[in-house]
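Note sheet for the following structure.
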Amino acid sequence: MNIHQHTFSIATRGRGIYPVSRQIQNWVREQKVQQGLLNLFVQHTSCSFIIQENADPDVLRDMEMFMQRLVPDGDPQFRHIDEGPDDMSAHIRMALTQVSLQVPVQHGRLALGTWQGIYLYEHRLQPMNRHICLTLIG
Amino acid sequence: MNIHQHTFSIATRGRGIYPVSRQIQNWVREQKVQQGLLNLFVQHTSCSFIIQENADPDVLRDMEMFMQRLVPDGDPQFRHIDEGPDDMSAHIRMALTQVSLQVPVQHGRLALGTWQGIYLYEHRLQPMNRHICLTLIG
Amino acid sequence: MNIHQHTFSIATRGRGIYPVSRQIQNWVREQKVQQGLLNLFVQHTSCSFIIQENADPDVLRDMEMFMQRLVPDGDPQFRHIDEGPDDMSAHIRMALTQVSLQVPVQHGRLALGTWQGIYLYEHRLQPMNRHICLTLIG
């Protein structure tokens, strides 16, 4: 059993839900680990991971609609406002989703269900460069 | 140190919070791993895991009451509605709870606190068959 | 590759967001593990972990303001009320954040981003003694 680690970055185009399954699946396959556990960790406090349905794009749109309503940008009760109306809301969205995510590896691949996709959820409005650290044990 | 994996399924009777600690505890014990880390992963996008108090059933009822209020079924702003009013709400409930959960193993058992139970949270109204993948490293 | 485990407790002073990065970082360094994955697990159902911005204290204040509004203490629809108005709200806050958290270890240290801090989030109003179990694989 070994540990494999890899850090890479993703340039987002601002707030949105970005698919990352394929890129991560490719790296996992290259490690030639048949059975194991993968951790994804994002080294930021205003983006996060979600697993969500990968078929109908309306799911991602409805997810974002809900998050905008749940955590309104520019909430008048926010005091942390120096970086704009989406700064504190991004921190809260992150805390309600996943900064760290584990996915089992079976037969050399991520053991995702048929409808599961892994997404990087960018909560800031402007484009950002996001660092993701992968750790594979197996 | 080794990796042990096991996939099993649970037939839910529709929306609700189902205890799974005992079943998982039994499998962990059979692996004869004294010290380790267990991952639970559910291969779906409309159910999830929560750890919650295992003593008073009102806790689970209040949890579900809260989730129904937070993520209303049949929200008029949802566009992903083909599978019914509980489809998109189930995807959001899942994203706000845990699709993947880690629990340490000590002395051959899950190191849960006295009041902690592990639950599979079915978010769809109808009965479903849910696949859970266990990965034990230790 | 080995597994290192350590359980310790933190005395909270009631509801609030308590930094624990330094204490955990110190333990990780002592294990002399260059590359690995750390799990933090809290053995309770009314406190949790969050990763949050470590620079401006207003972020933690706004986070708590948001949680109080999202999950009101003394909600008249709660039935689990024997331990006070903050009991059920604490269970829900816990379920919406992290009872278990993974952080990669690189070069013998937690691979946190510059602005990331790890916090124990106490959701009960009164001071509590909280048990945290660390599991380091590497």
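In the structure tokens, chains take letters A, B, ... by order of appearance, with residues numbered from 1 within each chain and ligands from 1 in the order shown.
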Please identify all polymer residues within 12 Å of Gln68 (chain A), counting only C-alpha atoms, omitting same-chain residues fewer than 2 positions from it, and present them as a ChimeraX atom specification. /A:15-16,61-66,70-75,85-86,89-90,92-93,123-125
Please superimpose chain B on chain C using every C-alpha atom, paired by order, in a least-squares fit, and write the moved chain as an mmCIF file with C-alpha atoms, in the first residue's frame.
```cif
data_model
loop_
_atom_site.group_PDB
_atom_site.id
_atom_site.type_symbol
_atom_site.label_atom_id
_atom_site.label_comp_id
_atom_site.auth_asym_id
_atom_site.auth_seq_id
_atom_site.Cartn_x
_atom_site.Cartn_y
_atom_site.Cartn_z
ATOM 1 C CA MET B 1 3.026 3.348 5.938
ATOM 2 C CA ASN B 2 1.519 3.459 9.401
ATOM 3 C CA ILE B 3 -1.521 4.585 11.344
ATOM 4 C CA HIS B 4 -1.129 7.022 14.210
ATOM 5 C CA GLN B 5 -4.068 7.790 16.499
ATOM 6 C CA HIS B 6 -4.498 10.276 19.292
ATOM 7 C CA THR B 7 -7.552 11.366 21.283
ATOM 8 C CA PHE B 8 -7.606 14.614 23.218
ATOM 9 C CA SER B 9 -10.223 16.905 24.654
ATOM 10 C CA ILE B 10 -10.989 20.593 24.374
ATOM 11 C CA ALA B 11 -12.895 22.551 27.005
ATOM 12 C CA THR B 12 -15.131 25.037 25.198
ATOM 13 C CA ARG B 13 -16.502 28.174 26.831
ATOM 14 C CA GLY B 14 -19.929 27.723 25.213
ATOM 15 C CA ARG B 15 -21.165 28.472 21.714
ATOM 16 C CA GLY B 16 -18.430 29.700 19.444
ATOM 17 C CA ILE B 17 -15.832 28.864 16.833
ATOM 18 C CA TYR B 18 -12.508 27.751 18.356
ATOM 19 C CA PRO B 19 -9.232 27.556 16.409
ATOM 20 C CA VAL B 20 -7.548 24.137 16.622
ATOM 21 C CA SER B 21 -5.103 24.212 13.690
ATOM 22 C CA ARG B 22 -1.984 24.885 15.773
ATOM 23 C CA GLN B 23 -2.647 22.112 18.295
ATOM 24 C CA ILE B 24 -3.326 19.606 15.519
ATOM 25 C CA GLN B 25 -0.397 20.818 13.421
ATOM 26 C CA ASN B 26 1.917 20.234 16.413
ATOM 27 C CA TRP B 27 0.722 16.666 16.889
ATOM 28 C CA VAL B 28 1.104 15.948 13.167
ATOM 29 C CA ARG B 29 4.680 17.258 13.178
ATOM 30 C CA GLU B 30 5.594 15.020 16.112
ATOM 31 C CA GLN B 31 4.498 11.933 14.149
ATOM 32 C CA LYS B 32 7.259 12.539 11.557
ATOM 33 C CA VAL B 33 4.969 11.564 8.689
ATOM 34 C CA GLN B 34 6.092 13.310 5.505
ATOM 35 C CA GLN B 35 3.138 12.442 3.297
ATOM 36 C CA GLY B 36 -0.294 11.321 4.403
ATOM 37 C CA LEU B 37 -3.886 12.043 5.264
ATOM 38 C CA LEU B 38 -5.234 13.210 8.609
ATOM 39 C CA ASN B 39 -8.767 12.590 9.837
ATOM 40 C CA LEU B 40 -10.317 14.648 12.622
ATOM 41 C CA PHE B 41 -13.408 13.140 14.219
ATOM 42 C CA VAL B 42 -15.461 14.668 17.007
ATOM 43 C CA GLN B 43 -17.313 12.151 19.193
ATOM 44 C CA HIS B 44 -20.394 14.290 19.817
ATOM 45 C CA THR B 45 -23.653 15.354 18.171
ATOM 46 C CA SER B 46 -23.794 19.040 19.121
ATOM 47 C CA CYS B 47 -20.420 20.353 17.941
ATOM 48 C CA SER B 48 -18.579 19.985 14.648
ATOM 49 C CA PHE B 49 -15.632 21.106 12.528
ATOM 50 C CA ILE B 50 -15.431 23.805 9.926
ATOM 51 C CA ILE B 51 -12.575 25.101 7.841
ATOM 52 C CA GLN B 52 -12.898 28.856 7.595
ATOM 53 C CA GLU B 53 -10.873 31.994 6.859
ATOM 54 C CA ASN B 54 -8.279 32.594 9.586
ATOM 55 C CA ALA B 55 -7.567 36.302 8.993
ATOM 56 C CA ASP B 56 -10.560 38.557 9.744
ATOM 57 C CA PRO B 57 -12.455 37.681 12.966
ATOM 58 C CA ASP B 58 -15.596 39.146 11.383
ATOM 59 C CA VAL B 59 -15.772 36.027 9.183
ATOM 60 C CA LEU B 60 -16.364 33.851 12.243
ATOM 61 C CA ARG B 61 -18.876 36.355 13.638
ATOM 62 C CA ASP B 62 -20.807 36.474 10.354
ATOM 63 C CA MET B 63 -20.725 32.666 10.119
ATOM 64 C CA GLU B 64 -22.310 32.398 13.584
ATOM 65 C CA MET B 65 -24.837 35.147 12.793
ATOM 66 C CA PHE B 66 -25.877 33.179 9.710
ATOM 67 C CA MET B 67 -26.192 29.894 11.605
ATOM 68 C CA GLN B 68 -28.333 31.498 14.316
ATOM 69 C CA ARG B 69 -30.684 32.814 11.676
ATOM 70 C CA LEU B 70 -30.722 29.557 9.694
ATOM 71 C CA VAL B 71 -31.326 27.292 12.686
ATOM 72 C CA PRO B 72 -33.116 29.366 15.351
ATOM 73 C CA ASP B 73 -32.770 28.260 18.957
ATOM 74 C CA GLY B 74 -36.099 27.505 20.567
ATOM 75 C CA ASP B 75 -37.851 26.874 17.256
ATOM 76 C CA PRO B 76 -41.510 26.295 18.244
ATOM 77 C CA GLN B 77 -41.640 23.251 15.920
ATOM 78 C CA PHE B 78 -38.888 21.397 17.802
ATOM 79 C CA ARG B 79 -40.063 18.495 19.967
ATOM 80 C CA HIS B 80 -36.618 17.563 21.319
ATOM 81 C CA ILE B 81 -36.464 20.373 23.902
ATOM 82 C CA ASP B 82 -35.614 18.707 27.243
ATOM 83 C CA GLU B 83 -32.055 20.032 27.330
ATOM 84 C CA GLY B 84 -32.982 23.598 26.414
ATOM 85 C CA PRO B 85 -33.649 25.793 23.369
ATOM 86 C CA ASP B 86 -30.108 25.269 21.961
ATOM 87 C CA ASP B 87 -30.185 21.468 22.041
ATOM 88 C CA MET B 88 -32.000 20.572 18.820
ATOM 89 C CA SER B 89 -30.552 23.561 16.967
ATOM 90 C CA ALA B 90 -27.093 22.275 17.935
ATOM 91 C CA HIS B 91 -27.897 18.835 16.453
ATOM 92 C CA ILE B 92 -29.002 20.446 13.168
ATOM 93 C CA ARG B 93 -26.008 22.812 12.965
ATOM 94 C CA MET B 94 -23.761 19.791 13.465
ATOM 95 C CA ALA B 95 -25.473 17.871 10.651
ATOM 96 C CA LEU B 96 -25.006 20.825 8.258
ATOM 97 C CA THR B 97 -21.271 21.107 8.994
ATOM 98 C CA GLN B 98 -18.579 18.421 9.558
ATOM 99 C CA VAL B 99 -18.361 15.819 12.294
ATOM 100 C CA SER B 100 -15.407 14.306 10.396
ATOM 101 C CA LEU B 101 -12.814 16.167 8.345
ATOM 102 C CA GLN B 102 -9.820 15.117 6.229
ATOM 103 C CA VAL B 103 -6.736 17.213 5.605
ATOM 104 C CA PRO B 104 -3.759 16.071 3.511
ATOM 105 C CA VAL B 105 -0.261 16.077 5.004
ATOM 106 C CA GLN B 106 2.665 17.183 2.827
ATOM 107 C CA HIS B 107 6.311 17.692 3.892
ATOM 108 C CA GLY B 108 5.367 16.709 7.432
ATOM 109 C CA ARG B 109 2.688 19.405 7.831
ATOM 110 C CA LEU B 110 -1.025 19.889 7.206
ATOM 111 C CA ALA B 111 -1.395 21.084 3.608
ATOM 112 C CA LEU B 112 -3.761 23.917 4.504
ATOM 113 C CA GLY B 113 -4.117 26.901 2.220
ATOM 114 C CA THR B 114 -2.752 30.256 3.418
ATOM 115 C CA TRP B 115 -6.146 31.483 4.626
ATOM 116 C CA GLN B 116 -7.514 28.192 5.931
ATOM 117 C CA GLY B 117 -7.937 27.548 9.631
ATOM 118 C CA ILE B 118 -9.491 24.459 11.229
ATOM 119 C CA TYR B 119 -12.102 25.267 13.857
ATOM 120 C CA LEU B 120 -14.085 23.341 16.413
ATOM 121 C CA TYR B 121 -17.595 24.750 16.280
ATOM 122 C CA GLU B 122 -19.324 24.507 19.669
ATOM 123 C CA HIS B 123 -23.069 24.718 19.112
ATOM 124 C CA ARG B 124 -24.261 24.419 22.743
ATOM 125 C CA LEU B 125 -24.565 27.606 24.793
ATOM 126 C CA GLN B 126 -22.881 26.236 27.919
ATOM 127 C CA PRO B 127 -19.210 25.197 28.232
ATOM 128 C CA MET B 128 -18.588 21.572 27.228
ATOM 129 C CA ASN B 129 -15.698 19.125 27.207
ATOM 130 C CA ARG B 130 -15.238 17.786 23.653
ATOM 131 C CA HIS B 131 -13.348 14.661 22.603
ATOM 132 C CA ILE B 132 -11.503 14.752 19.294
ATOM 133 C CA CYS B 133 -9.957 11.676 17.706
ATOM 134 C CA LEU B 134 -7.081 12.179 15.244
ATOM 135 C CA THR B 135 -6.116 9.450 12.787
ATOM 136 C CA LEU B 136 -3.060 9.970 10.616
ATOM 137 C CA ILE B 137 -2.293 7.542 7.791
ATOM 138 C CA GLY B 138 1.118 7.932 6.187
#
```
List every residue of region 17-76 of chain C that DSSP, applied to the backbone of this structure, assigns to strand (DSSP E), and report them as a ChimeraX atom specification. /C:17-19,36-42,47-53
Which parts of region 18-132 of chain C does DSSP call helix (DSSP H, G or I) when run on the backbone here, written out as a VMD selection string? chain C and resid 21 to 30 57 to 70 87 to 96
Write a file of the selected residues as a JSON list (two decimals), in the first residue's frame, keeping C-alpha atoms.
```
[["chain", "number", "residue", "atom", "x", "y", "z"],
["C", 21, "SER", "CA", -5.09, 24.21, 13.70],
["C", 22, "ARG", "CA", -1.98, 24.88, 15.77],
["C", 23, "GLN", "CA", -2.63, 22.11, 18.29],
["C", 24, "ILE", "CA", -3.33, 19.60, 15.52],
["C", 25, "GLN", "CA", -0.39, 20.81, 13.42],
["C", 26, "ASN", "CA", 1.91, 20.23, 16.41],
["C", 27, "TRP", "CA", 0.72, 16.66, 16.89],
["C", 28, "VAL", "CA", 1.12, 15.94, 13.16],
["C", 29, "ARG", "CA", 4.69, 17.25, 13.19],
["C", 30, "GLU", "CA", 5.60, 15.01, 16.11],
["C", 57, "PRO", "CA", -12.46, 37.67, 12.97],
["C", 58, "ASP", "CA", -15.60, 39.15, 11.37],
["C", 59, "VAL", "CA", -15.78, 36.03, 9.18],
["C", 60, "LEU", "CA", -16.37, 33.85, 12.24],
["C", 61, "ARG", "CA", -18.88, 36.34, 13.64],
["C", 62, "ASP", "CA", -20.81, 36.47, 10.35],
["C", 63, "MET", "CA", -20.73, 32.67, 10.11],
["C", 64, "GLU", "CA", -22.30, 32.40, 13.58],
["C", 65, "MET", "CA", -24.85, 35.15, 12.80],
["C", 66, "PHE", "CA", -25.88, 33.18, 9.71],
["C", 67, "MET", "CA", -26.19, 29.88, 11.61],
["C", 68, "GLN", "CA", -28.33, 31.50, 14.32],
["C", 69, "ARG", "CA", -30.69, 32.82, 11.68],
["C", 70, "LEU", "CA", -30.73, 29.56, 9.69],
["C", 87, "ASP", "CA", -30.18, 21.47, 22.04],
["C", 88, "MET", "CA", -31.99, 20.58, 18.81],
["C", 89, "SER", "CA", -30.56, 23.57, 16.98],
["C", 90, "ALA", "CA", -27.10, 22.28, 17.94],
["C", 91, "HIS", "CA", -27.89, 18.84, 16.45],
["C", 92, "ILE", "CA", -28.99, 20.45, 13.16],
["C", 93, "ARG", "CA", -26.00, 22.82, 12.97],
["C", 94, "MET", "CA", -23.76, 19.79, 13.48],
["C", 95, "ALA", "CA", -25.47, 17.88, 10.66],
["C", 96, "LEU", "CA", -25.00, 20.83, 8.26]]
```
